[in-house]
$ cat data35.csv   # CSV, C-alpha atoms
chain,number,residue,atom,x,y,z
A,30,MET,CA,-88.7,25.0,74.0
A,31,THR,CA,-92.3,25.7,72.9
A,32,PRO,CA,-93.0,29.0,71.1
A,33,ARG,CA,-95.1,30.2,74.1
A,34,LEU,CA,-92.2,29.6,76.5
A,35,THR,CA,-89.8,31.3,74.1
A,36,ARG,CA,-92.0,34.4,74.0
A,37,ALA,CA,-92.3,34.5,77.8
A,38,ALA,CA,-88.5,34.1,78.2
A,39,GLY,CA,-88.0,36.8,75.6
A,40,LEU,CA,-90.4,39.2,77.3
A,41,VAL,CA,-88.7,38.7,80.7
A,42,SER,CA,-85.2,39.2,79.2
A,43,SER,CA,-86.3,42.3,77.3
A,44,VAL,CA,-87.9,43.9,80.4
A,45,ALA,CA,-84.8,43.1,82.4
A,46,TYR,CA,-82.5,44.6,79.8
A,47,ALA,CA,-84.7,47.7,79.4
A,48,ALA,CA,-84.7,48.1,83.2
A,49,PHE,CA,-80.9,47.8,83.3
A,50,ILE,CA,-80.7,50.5,80.5
A,51,GLY,CA,-83.1,52.8,82.4
A,52,TRP,CA,-81.0,52.3,85.6
A,53,LEU,CA,-77.8,53.2,83.7
A,54,TYR,CA,-79.4,56.4,82.3
A,55,VAL,CA,-80.6,57.4,85.8
A,56,ARG,CA,-77.3,56.6,87.6
A,57,GLN,CA,-75.0,57.9,84.8
A,58,PRO,CA,-72.0,55.8,85.8
A,59,GLN,CA,-68.7,57.2,84.4
A,60,THR,CA,-66.6,54.1,84.7
A,61,ILE,CA,-67.1,50.3,84.5
A,62,ALA,CA,-66.3,50.2,88.3
A,63,GLN,CA,-69.2,52.4,88.9
A,64,VAL,CA,-71.5,50.2,86.8
A,65,THR,CA,-70.4,47.0,88.7
A,66,GLY,CA,-70.4,48.7,92.0
A,67,GLY,CA,-73.8,50.2,91.5
A,68,MET,CA,-75.2,46.8,90.6
A,69,THR,CA,-73.7,45.0,93.5
A,70,SER,CA,-74.8,47.7,95.9
A,71,THR,CA,-78.4,47.4,94.5
A,72,VAL,CA,-78.4,43.8,95.7
A,73,GLY,CA,-76.6,44.7,99.0
A,74,ALA,CA,-73.3,42.9,98.0
A,75,TYR,CA,-71.1,46.0,97.6
A,76,ALA,CA,-68.0,46.2,100.0
A,77,ILE,CA,-65.2,48.7,100.0
A,78,ASP,CA,-61.5,47.7,100.0
A,79,ARG,CA,-60.9,47.9,103.8
A,80,ALA,CA,-57.0,48.1,103.5
A,81,SER,CA,-57.2,51.1,101.2
A,82,PHE,CA,-59.8,52.7,103.4
A,83,ASP,CA,-57.4,52.4,106.4
A,84,ASP,CA,-54.6,53.8,104.4
A,85,GLY,CA,-56.8,56.7,103.4
A,86,LEU,CA,-57.7,57.4,107.0
A,87,ARG,CA,-54.1,57.3,108.1
A,88,PHE,CA,-53.1,59.8,105.3
A,89,PHE,CA,-56.1,62.0,106.2
A,90,ARG,CA,-55.0,62.2,109.9
A,91,ASN,CA,-51.5,63.1,108.8
A,92,ASP,CA,-52.9,66.0,106.7
A,93,GLN,CA,-51.8,64.3,103.5
A,94,PHE,CA,-55.1,65.0,101.7
A,95,VAL,CA,-54.1,64.2,98.1
A,96,GLU,CA,-52.8,60.8,99.2
A,97,ALA,CA,-55.8,60.2,101.4
A,98,ARG,CA,-58.2,60.8,98.5
A,99,ALA,CA,-56.2,58.5,96.2
A,100,ALA,CA,-56.5,55.7,98.8
A,101,LEU,CA,-60.2,56.5,99.5
A,102,HIS,CA,-61.1,56.5,95.8
A,103,ARG,CA,-59.3,53.2,95.5
A,104,ALA,CA,-61.3,51.8,98.5
A,105,ASP,CA,-64.6,53.0,97.1
A,106,SER,CA,-64.0,52.8,93.3
A,107,ALA,CA,-67.7,52.8,92.5
A,108,ASP,CA,-68.5,55.9,94.8
A,109,ARG,CA,-71.1,53.8,96.6
A,110,ASP,CA,-70.0,54.0,100.2
A,111,ALA,CA,-71.3,57.0,102.3
A,112,PRO,CA,-68.6,57.1,105.0
A,113,THR,CA,-65.8,56.9,102.4
A,114,GLN,CA,-67.4,59.8,100.5
A,115,PHE,CA,-67.7,61.7,103.8
A,116,TYR,CA,-64.0,61.4,104.4
A,117,ILE,CA,-63.3,62.4,100.8
A,118,ALA,CA,-65.5,65.5,101.3
A,119,TYR,CA,-63.8,66.3,104.6
A,120,SER,CA,-60.3,66.0,103.0
A,121,TYR,CA,-61.3,68.6,100.4
A,122,TYR,CA,-62.6,70.8,103.2
A,123,ARG,CA,-59.4,70.6,105.3
A,124,GLN,CA,-57.1,71.0,102.3
A,125,GLY,CA,-59.1,74.0,100.9
A,126,TRP,CA,-59.5,75.7,104.2
A,127,GLY,CA,-57.4,78.8,104.8
A,128,ARG,CA,-57.3,81.4,107.6
A,129,LEU,CA,-57.7,84.3,105.1
A,130,TYR,CA,-59.5,82.6,102.2
A,131,VAL,CA,-60.8,79.2,101.1
A,132,ASP,CA,-59.9,77.4,97.9
A,133,ARG,CA,-63.3,77.5,96.1
A,134,LEU,CA,-62.4,74.7,93.6
A,135,LEU,CA,-61.5,72.3,96.5
A,136,PHE,CA,-64.6,73.3,98.4
A,137,GLN,CA,-66.8,72.8,95.3
A,138,SER,CA,-65.3,69.2,94.9
A,139,GLY,CA,-65.9,68.7,98.6
A,140,LEU,CA,-69.5,69.7,98.3
A,141,GLU,CA,-70.0,67.3,95.4
A,142,ALA,CA,-68.6,64.4,97.5
A,143,ALA,CA,-70.7,65.5,100.5
A,144,ASN,CA,-73.8,65.5,98.3
A,145,ARG,CA,-72.9,62.0,97.1
A,146,ALA,CA,-72.4,60.8,100.7
A,147,ALA,CA,-75.8,62.3,101.7
A,148,ALA,CA,-77.5,60.7,98.8
A,149,LEU,CA,-76.0,57.3,99.7
A,150,ALA,CA,-76.8,57.5,103.4
A,151,PRO,CA,-80.1,56.0,104.5
A,152,GLY,CA,-82.6,58.9,104.7
A,153,GLY,CA,-79.8,61.3,104.0
A,154,ARG,CA,-78.6,61.0,107.6
A,155,LEU,CA,-74.9,60.2,108.2
A,156,VAL,CA,-73.0,60.5,111.5
A,157,VAL,CA,-69.3,59.3,111.6
A,158,VAL,CA,-67.9,58.4,115.0
A,159,ASP,CA,-64.4,59.8,114.8
A,160,ALA,CA,-62.8,61.7,117.7
A,161,ASN,CA,-60.5,63.5,115.3
A,162,LEU,CA,-63.3,65.3,113.5
A,163,ALA,CA,-64.9,68.4,114.7
A,164,MET,CA,-67.9,67.9,112.3
A,165,LYS,CA,-69.3,64.4,112.7
A,166,SER,CA,-72.5,64.7,110.6
A,167,ILE,CA,-72.9,65.2,106.9
A,168,ASP,CA,-75.2,68.1,107.6
A,169,GLU,CA,-72.5,70.0,109.4
A,170,LEU,CA,-69.9,69.3,106.8
A,171,LYS,CA,-72.2,70.3,103.9
A,172,ALA,CA,-73.2,73.5,105.7
A,173,GLU,CA,-69.5,74.4,106.3
A,174,LEU,CA,-68.6,73.8,102.7
A,175,GLU,CA,-71.6,75.8,101.5
A,176,ARG,CA,-70.6,78.7,103.9
A,177,GLY,CA,-67.1,78.6,102.4
A,178,LEU,CA,-68.5,78.9,98.9
A,179,THR,CA,-70.9,81.8,99.8
A,180,ARG,CA,-69.6,85.3,99.3
A,181,ASP,CA,-71.1,88.0,101.6
A,182,VAL,CA,-70.2,90.9,103.8
A,183,SER,CA,-69.1,88.7,106.7
A,184,ASP,CA,-66.1,87.8,104.5
A,185,LEU,CA,-64.8,91.3,105.3
A,186,ASN,CA,-64.9,90.7,109.0
A,187,PRO,CA,-61.2,90.9,110.2
A,188,LEU,CA,-62.0,88.6,113.2
A,189,LYS,CA,-62.4,85.7,110.8
A,190,ILE,CA,-58.7,85.1,110.9
A,191,PHE,CA,-59.1,83.8,114.4
A,192,ARG,CA,-61.4,81.1,113.4
A,193,ALA,CA,-60.2,77.5,113.6
A,194,ARG,CA,-60.2,74.7,111.1
A,195,LYS,CA,-62.7,72.0,112.0
B,10,MET,CA,-90.8,35.6,61.1
B,11,SER,CA,-89.4,33.1,63.6
B,12,VAL,CA,-90.4,33.3,67.3
B,13,LEU,CA,-86.7,33.6,68.3
B,14,ARG,CA,-86.2,36.6,66.1
B,15,GLU,CA,-89.3,38.4,67.4
B,16,ALA,CA,-88.9,37.5,71.1
B,17,PHE,CA,-85.1,37.8,71.5
B,18,LEU,CA,-83.1,39.1,68.6
B,19,LEU,CA,-85.1,42.2,67.6
B,20,PRO,CA,-85.6,43.5,71.1
B,21,ALA,CA,-82.0,42.8,72.0
B,22,ILE,CA,-80.8,44.7,68.9
B,23,PHE,CA,-83.0,47.7,69.4
B,24,LEU,CA,-82.4,47.9,73.1
B,25,THR,CA,-78.6,47.8,72.5
B,26,VAL,CA,-79.1,50.6,70.0
B,27,ALA,CA,-81.1,52.5,72.6
B,28,LEU,CA,-78.3,52.1,75.1
B,29,ALA,CA,-75.4,52.9,72.8
B,30,GLY,CA,-77.2,55.8,71.1
B,31,GLY,CA,-76.9,57.9,74.2
B,32,PHE,CA,-73.2,57.2,74.7
B,33,ARG,CA,-71.0,60.2,74.9
B,34,ALA,CA,-67.3,60.5,76.0
B,35,ASP,CA,-66.0,64.0,76.3
B,36,ALA,CA,-62.4,65.1,75.5
B,37,ALA,CA,-61.3,64.2,79.0
B,38,GLY,CA,-62.7,60.7,78.6
B,39,VAL,CA,-65.6,61.2,81.0
B,40,ILE,CA,-68.6,59.0,80.0
B,41,ARG,CA,-72.2,60.0,80.1
B,42,LEU,CA,-75.5,58.7,78.7
B,43,ALA,CA,-77.6,61.3,77.0
B,44,PRO,CA,-81.4,60.8,76.9
B,45,PRO,CA,-83.1,61.6,73.7
B,46,PRO,CA,-84.3,65.2,73.2
B,47,LEU,CA,-87.9,65.9,72.2
B,48,VAL,CA,-86.9,66.4,68.5
B,49,ALA,CA,-85.4,62.9,68.5
B,50,LEU,CA,-88.8,61.4,69.6
B,51,LEU,CA,-90.6,63.4,66.9
B,52,LEU,CA,-88.1,62.1,64.3
B,53,SER,CA,-88.6,58.6,65.6
B,54,VAL,CA,-92.3,58.9,65.0
B,55,LEU,CA,-91.7,60.1,61.5
B,56,LEU,CA,-89.2,57.3,60.8
B,57,VAL,CA,-91.5,54.5,62.1
B,58,GLY,CA,-94.3,56.1,60.0
B,59,ALA,CA,-92.0,56.0,56.9
B,60,LEU,CA,-91.2,52.4,57.5
B,61,VAL,CA,-94.9,51.4,57.8
B,62,ARG,CA,-95.7,53.5,54.8
B,63,ALA,CA,-93.0,51.8,52.7
B,64,ARG,CA,-94.2,48.4,54.1
B,65,ALA,CA,-90.7,47.8,55.5
B,66,LEU,CA,-92.5,47.2,58.8
B,67,ALA,CA,-95.8,45.4,59.1
B,68,PRO,CA,-97.3,46.2,62.5
B,69,GLY,CA,-100.1,43.8,61.7
B,70,ARG,CA,-97.7,40.9,61.7
B,71,LEU,CA,-96.6,41.9,65.2
B,72,MET,CA,-99.9,42.7,66.7
B,73,ASN,CA,-103.4,41.5,65.6
B,74,GLU,CA,-106.6,40.0,66.9
B,75,ARG,CA,-105.7,36.5,65.8
B,76,ARG,CA,-102.6,36.4,68.0
B,77,GLY,CA,-102.7,35.5,71.7
B,78,VAL,CA,-102.0,37.9,74.5
B,79,LEU,CA,-98.3,36.8,74.9
B,80,ASP,CA,-97.8,37.0,71.1
B,81,ASN,CA,-99.2,40.5,71.0
B,82,LEU,CA,-97.1,41.6,74.0
B,83,SER,CA,-94.0,40.2,72.3
B,84,GLY,CA,-94.9,42.2,69.2
B,85,LEU,CA,-95.5,45.3,71.3
B,86,VAL,CA,-92.0,45.0,72.8
B,87,VAL,CA,-90.6,45.0,69.3
B,88,LEU,CA,-92.5,48.1,68.3
B,89,LEU,CA,-91.6,50.0,71.5
B,90,THR,CA,-87.9,49.1,71.3
B,91,LEU,CA,-87.9,50.1,67.6
B,92,PHE,CA,-89.3,53.5,68.6
B,93,ALA,CA,-86.7,53.9,71.4
B,94,ALA,CA,-83.8,52.8,69.1
B,95,SER,CA,-84.9,55.2,66.4
B,96,ALA,CA,-85.0,58.1,68.8
B,97,GLN,CA,-81.5,57.2,70.1
B,98,VAL,CA,-80.1,56.9,66.6
B,99,PHE,CA,-81.2,60.5,65.9
B,100,ASN,CA,-79.9,61.5,69.3
B,101,THR,CA,-76.4,60.2,68.5
B,102,LEU,CA,-76.4,61.7,65.0
B,103,THR,CA,-77.6,65.2,65.9
B,104,PRO,CA,-75.3,67.8,67.5
B,105,GLU,CA,-76.5,68.5,71.0
B,106,ALA,CA,-76.9,72.3,70.9
B,107,GLY,CA,-76.7,75.5,68.8
B,108,LEU,CA,-77.5,76.2,65.2
B,109,LEU,CA,-76.2,72.8,64.1
B,110,HIS,CA,-78.7,71.0,66.3
B,111,LEU,CA,-81.5,73.0,64.6
B,112,LEU,CA,-80.1,72.4,61.1
B,113,PHE,CA,-79.7,68.7,61.6
B,114,GLY,CA,-83.3,68.5,63.0
B,115,VAL,CA,-84.7,70.4,60.0
B,116,PHE,CA,-82.6,68.3,57.6
B,117,PHE,CA,-84.0,65.0,59.1
B,118,ILE,CA,-87.6,66.2,59.2
B,119,VAL,CA,-87.5,67.3,55.6
B,120,LEU,CA,-85.9,64.1,54.4
B,121,LEU,CA,-88.2,61.8,56.3
B,122,TRP,CA,-91.3,63.8,55.3
B,123,ASN,CA,-90.1,63.5,51.7
B,124,THR,CA,-89.7,59.7,52.1
B,125,ILE,CA,-93.2,59.4,53.5
B,126,VAL,CA,-94.7,61.4,50.7
B,127,ALA,CA,-92.7,59.5,48.0
B,128,GLN,CA,-94.1,56.2,49.3
B,129,PRO,CA,-91.0,54.1,48.3
B,130,ASP,CA,-91.0,50.3,48.6
B,131,ARG,CA,-89.0,48.4,51.2
B,132,PRO,CA,-85.6,48.2,49.4
B,133,HIS,CA,-85.7,51.8,48.5
B,134,VAL,CA,-86.6,53.1,51.9
B,135,LEU,CA,-83.9,51.0,53.5
B,136,ARG,CA,-81.3,52.3,50.9
B,137,SER,CA,-82.6,55.8,51.5
B,138,LEU,CA,-82.1,55.4,55.3
B,139,VAL,CA,-78.5,54.1,54.8
B,140,VAL,CA,-77.8,57.3,52.9
B,141,ILE,CA,-79.5,59.6,55.4
B,142,LEU,CA,-78.0,58.0,58.5
B,143,GLY,CA,-74.6,57.4,56.9
B,144,SER,CA,-74.4,61.0,55.7
B,145,ALA,CA,-75.3,62.4,59.1
B,146,LEU,CA,-72.7,60.1,60.7
B,147,ALA,CA,-70.0,61.3,58.3
B,148,ILE,CA,-70.9,64.9,58.7
B,149,LYS,CA,-71.0,64.9,62.5
B,150,TYR,CA,-68.3,62.4,63.4
B,151,VAL,CA,-65.8,62.9,60.5
B,152,MET,CA,-66.2,66.4,59.1
B,153,LEU,CA,-67.3,68.4,62.1
B,154,ALA,CA,-65.0,66.5,64.4
B,155,ALA,CA,-62.1,67.2,62.1
B,156,LEU,CA,-63.1,70.9,61.8
B,157,TYR,CA,-63.4,71.4,65.5
B,158,ALA,CA,-60.5,69.2,66.6
B,159,PRO,CA,-58.7,70.4,69.7
B,160,GLU,CA,-55.5,71.1,67.8
B,161,PRO,CA,-56.7,72.4,64.4
B,162,THR,CA,-54.4,73.5,61.6
B,163,PHE,CA,-54.3,77.1,60.4
B,164,ALA,CA,-56.6,76.5,57.5
B,165,LYS,CA,-59.2,74.8,59.7
B,166,ARG,CA,-59.0,77.7,62.2
B,167,VAL,CA,-59.6,80.2,59.4
B,168,LEU,CA,-62.5,78.2,58.1
B,169,THR,CA,-64.2,77.8,61.5
B,170,VAL,CA,-63.7,81.6,62.2
B,171,LEU,CA,-65.3,82.3,58.8
B,172,LEU,CA,-68.2,80.0,59.5
B,173,GLU,CA,-68.8,81.3,63.0
B,174,GLY,CA,-68.5,84.9,61.7
B,175,ALA,CA,-71.0,84.3,58.9
B,176,THR,CA,-73.5,82.8,61.4
B,177,LEU,CA,-72.9,85.5,64.0
B,178,GLY,CA,-71.3,83.0,66.4
B,179,ALA,CA,-74.3,80.6,66.3
B,180,LEU,CA,-72.4,77.8,64.6
B,181,THR,CA,-70.5,76.3,67.6
B,182,TYR,CA,-69.7,72.7,68.1
B,183,GLN,CA,-68.1,70.7,70.9
B,184,PRO,CA,-66.4,67.6,69.5
B,185,ASP,CA,-66.6,64.4,71.5
B,186,ASN,CA,-63.8,61.9,72.2
B,187,PRO,CA,-63.1,59.8,69.1
B,188,ILE,CA,-64.5,56.7,70.9
B,189,THR,CA,-68.0,58.3,70.6
B,190,GLY,CA,-67.7,58.2,66.8
B,191,TYR,CA,-66.9,54.5,66.8
B,192,VAL,CA,-69.8,53.7,69.2
B,193,ALA,CA,-72.1,55.8,66.9
B,194,PHE,CA,-70.9,53.8,63.8
B,195,PHE,CA,-71.7,50.5,65.7
B,196,THR,CA,-75.0,51.9,66.8
B,197,VAL,CA,-76.1,53.0,63.3
B,198,THR,CA,-74.9,49.7,61.7
B,199,LEU,CA,-76.7,47.6,64.3
B,200,TYR,CA,-79.9,49.7,63.9
B,201,LEU,CA,-79.9,49.1,60.1
B,202,VAL,CA,-79.4,45.4,60.7
B,203,GLY,CA,-82.4,45.5,63.0
B,204,LEU,CA,-84.5,47.3,60.3
B,205,ILE,CA,-83.6,44.6,57.7
B,206,LEU,CA,-84.8,41.9,60.2
B,207,LEU,CA,-88.1,43.6,60.8
B,208,PRO,CA,-91.2,41.8,59.6
B,209,ALA,CA,-92.2,43.3,56.2
B,210,ASP,CA,-95.5,43.4,54.5
B,211,HIS,CA,-95.4,40.5,52.0
B,212,ALA,CA,-98.5,41.8,50.1
B,213,GLU,CA,-96.4,44.7,48.9
B,214,GLY,CA,-94.1,42.3,47.0
B,215,LEU,CA,-97.0,40.4,45.5
B,216,GLN,CA,-98.7,43.6,44.3
B,217,ARG,CA,-95.5,44.7,42.6
B,218,THR,CA,-95.0,41.3,40.9
B,219,ARG,CA,-98.4,41.6,39.3
$ encode --input "data35.csv" --output "structure tokens"
Amino acid sequence: MTPRLTRAAGLVSSVAYAAFIGWLYVRQPQTIAQVTGGMTSTVGAYAIDRASFDDGLRFFRNDQFVEARAALHRADSADRDAPTQFYIAYSYYRQGWGRLYVDRLLFQSGLEAANRAAALAPGGRLVVVDANLAMKSIDELKAELERGLTRDVSDLNPLKIFRARK
Amino acid sequence: MSVLREAFLLPAIFLTVALAGGFRADAAGVIRLAPPPLVALLLSVLLVGALVRARALAPGRLMNERRGVLDNLSGLVVLLTLFAASAQVFNTLTPEAGLLHLLFGVFFIVLLWNTIVAQPDRPHVLRSLVVILGSALAIKYVMLAALYAPEPTFAKRVLTVLLEGATLGALTYQPDNPITGYVAFFTVTLYLVGLILLPADHAEGLQRTR
């Protein structure tokens, strides 16, 4: 290899390595699965584990939310699939919802998952076709979670106990 | 200096240091990558200046008018990655907030300034850096980590209460997961190896021989 070619190859590899480091600092992955998932999704090769997703959906419909999230996290171990993140957020909403009060910790986790889903969806728009869901878009789900986290005078309205879980 | 060292080895070493220097794992094991704060960039400028002053780094051997465009670009990559690595080394060795962050920053600035003014030769500046970086590593990842461990002994608890009381609560520290210390050790060692491999100014050696 000539010195000129060596330098050119070195430049290309250095720029690629620096770009990879920059990407890591921007994405802030917390696990190796998130690193590999993020890289594969960048080139459009990321796919969720379909069997685990179906398990998660079945648990979700049976109101087994903790089990549903475990299966959904397994299906989308890199947190790169918007519909899966949508269902994770929805499971937090349904588990945290109460007729008299909401579980703020669960709602907060739900909002974080909803924000992830919105960030992953093209243009931030995500609509899930599922007859079992009262809220089908990420915008509705986010708004409902944010409403649950907001404290105002409407919380004192006794008629709130008649509202239904979505 | 060989082409391979300049084009591949040095950028790879310094970029790895730049990556690993921001590695943090908290007590729960959650990983994050911390970008360098402004003070780390300033310290990096001072450190590169100290290296040039001590002729441990000869920028003229990496970039000059006699070299071609590709050669100069290759040299520029080495200088830029050295700067990034230096900033991240200070990032990993400095506590992230509070009075300790300030104290470490002042400590580094004074030491580097002193090194620049003293105009040491290459072996001395490298030895000096081993001491500065090694001390900071030991203080942050051994002493402070032991002092602020999640399950301290009674004596440690008394000492930390006294320290925090004497500084009106300003001396607080959040210890990282022990893995962060191991990564920091690897980062600092790799960085020092990179510094040793940098192209030095040969004229300095000749002048001293005379």
$ residues_near_point --input "data35.csv" --point "(-77.7, 53.0, 62.7)" --cutoff "9 Å" --atoms "all atoms listed in the file" --output "number ranges by chain"
B: 26, 30, 94-95, 98-99, 138-139, 142-143, 146, 193-203
$ closest_residue --input "data35.csv" --among "B:Leu153, B:Leu52, B:Leu79, B:Ala67" --to "chain A" --atoms "all atoms listed in the file"
B:Leu79
$ closest_residue --input "data35.csv" --among "A:Leu140, A:Ile50, A:Ala163, A:Ile61" --to "chain B" --atoms "all atoms listed in the file"
A:Ile50
$ closest_residue --input "data35.csv" --among "A:Tyr46, A:Tyr121, A:Phe82, A:Phe94" --to "chain B" --atoms "all atoms listed in the file"
A:Tyr46
$ closest_residue --input "data35.csv" --among "B:Val87, B:Ala36, B:Ala154, B:Ala59" --to "chain A" --atoms "all atoms listed in the file"
B:Val87
$ residues_around --input "data35.csv" --residues "Tyr116 (chain A)" --least-positions-apart "6" --cutoff "9 Å" --atoms "only C-alpha atoms" --output "VMD selection string"
chain A and resid 85 to 86 89 97 to 98 101 142 to 143
$ residues_around --input "data35.csv" --residues "Ile188 (chain B)" --least-positions-apart "5" --cutoff "9 Å" --atoms "all atoms listed in the file" --output "PyMOL selection string"
chain B and resi 33-34+38+193
$ interface_residues --input "data35.csv" --of "chain A" --to "chain B" --cutoff "7 Å" --atoms "all atoms listed in the file" --output "list of chain:residue names"
A:Pro32, A:Thr35, A:Arg36, A:Gly39, A:Leu40, A:Ser43, A:Ala47, A:Ile50, A:Tyr54, A:Gln57, A:Gln59
$ closest_residue --input "data35.csv" --among "B:Thr103, B:Ser53, B:Thr169, B:Asn186" --to "Phe116 (chain B)" --atoms "all atoms listed in the file"
B:Thr103
$ atom_distance --input "data35.csv" --atom1 "CA of Val192 (chain B)" --atom2 "CA of Leu60 (chain B)"
24.4 Å
$ residues_near_point --input "data35.csv" --point "(-92.2, 62.9, 66.4)" --cutoff "12 Å" --atoms "only C-alpha atoms" --output "JSON list (two decimals) with C-alpha atoms, keeping the file's coordinate frame"
[["chain", "number", "residue", "atom", "x", "y", "z"],
["B", 45, "PRO", "CA", -83.10, 61.60, 73.70],
["B", 46, "PRO", "CA", -84.30, 65.20, 73.20],
["B", 47, "LEU", "CA", -87.90, 65.90, 72.20],
["B", 48, "VAL", "CA", -86.90, 66.40, 68.50],
["B", 49, "ALA", "CA", -85.40, 62.90, 68.50],
["B", 50, "LEU", "CA", -88.80, 61.40, 69.60],
["B", 51, "LEU", "CA", -90.60, 63.40, 66.90],
["B", 52, "LEU", "CA", -88.10, 62.10, 64.30],
["B", 53, "SER", "CA", -88.60, 58.60, 65.60],
["B", 54, "VAL", "CA", -92.30, 58.90, 65.00],
["B", 55, "LEU", "CA", -91.70, 60.10, 61.50],
["B", 56, "LEU", "CA", -89.20, 57.30, 60.80],
["B", 57, "VAL", "CA", -91.50, 54.50, 62.10],
["B", 58, "GLY", "CA", -94.30, 56.10, 60.00],
["B", 59, "ALA", "CA", -92.00, 56.00, 56.90],
["B", 92, "PHE", "CA", -89.30, 53.50, 68.60],
["B", 93, "ALA", "CA", -86.70, 53.90, 71.40],
["B", 95, "SER", "CA", -84.90, 55.20, 66.40],
["B", 96, "ALA", "CA", -85.00, 58.10, 68.80],
["B", 99, "PHE", "CA", -81.20, 60.50, 65.90],
["B", 114, "GLY", "CA", -83.30, 68.50, 63.00],
["B", 117, "PHE", "CA", -84.00, 65.00, 59.10],
["B", 118, "ILE", "CA", -87.60, 66.20, 59.20],
["B", 121, "LEU", "CA", -88.20, 61.80, 56.30],
["B", 122, "TRP", "CA", -91.30, 63.80, 55.30]]
$ atom_distance --input "data35.csv" --atom1 "CA of Pro187 (chain B)" --atom2 "CA of Ser144 (chain B)"
17.6 Å
$ atom_distance --input "data35.csv" --atom1 "CA of Arg103 (chain A)" --atom2 "CA of Gly127 (chain A)"
27.3 Å
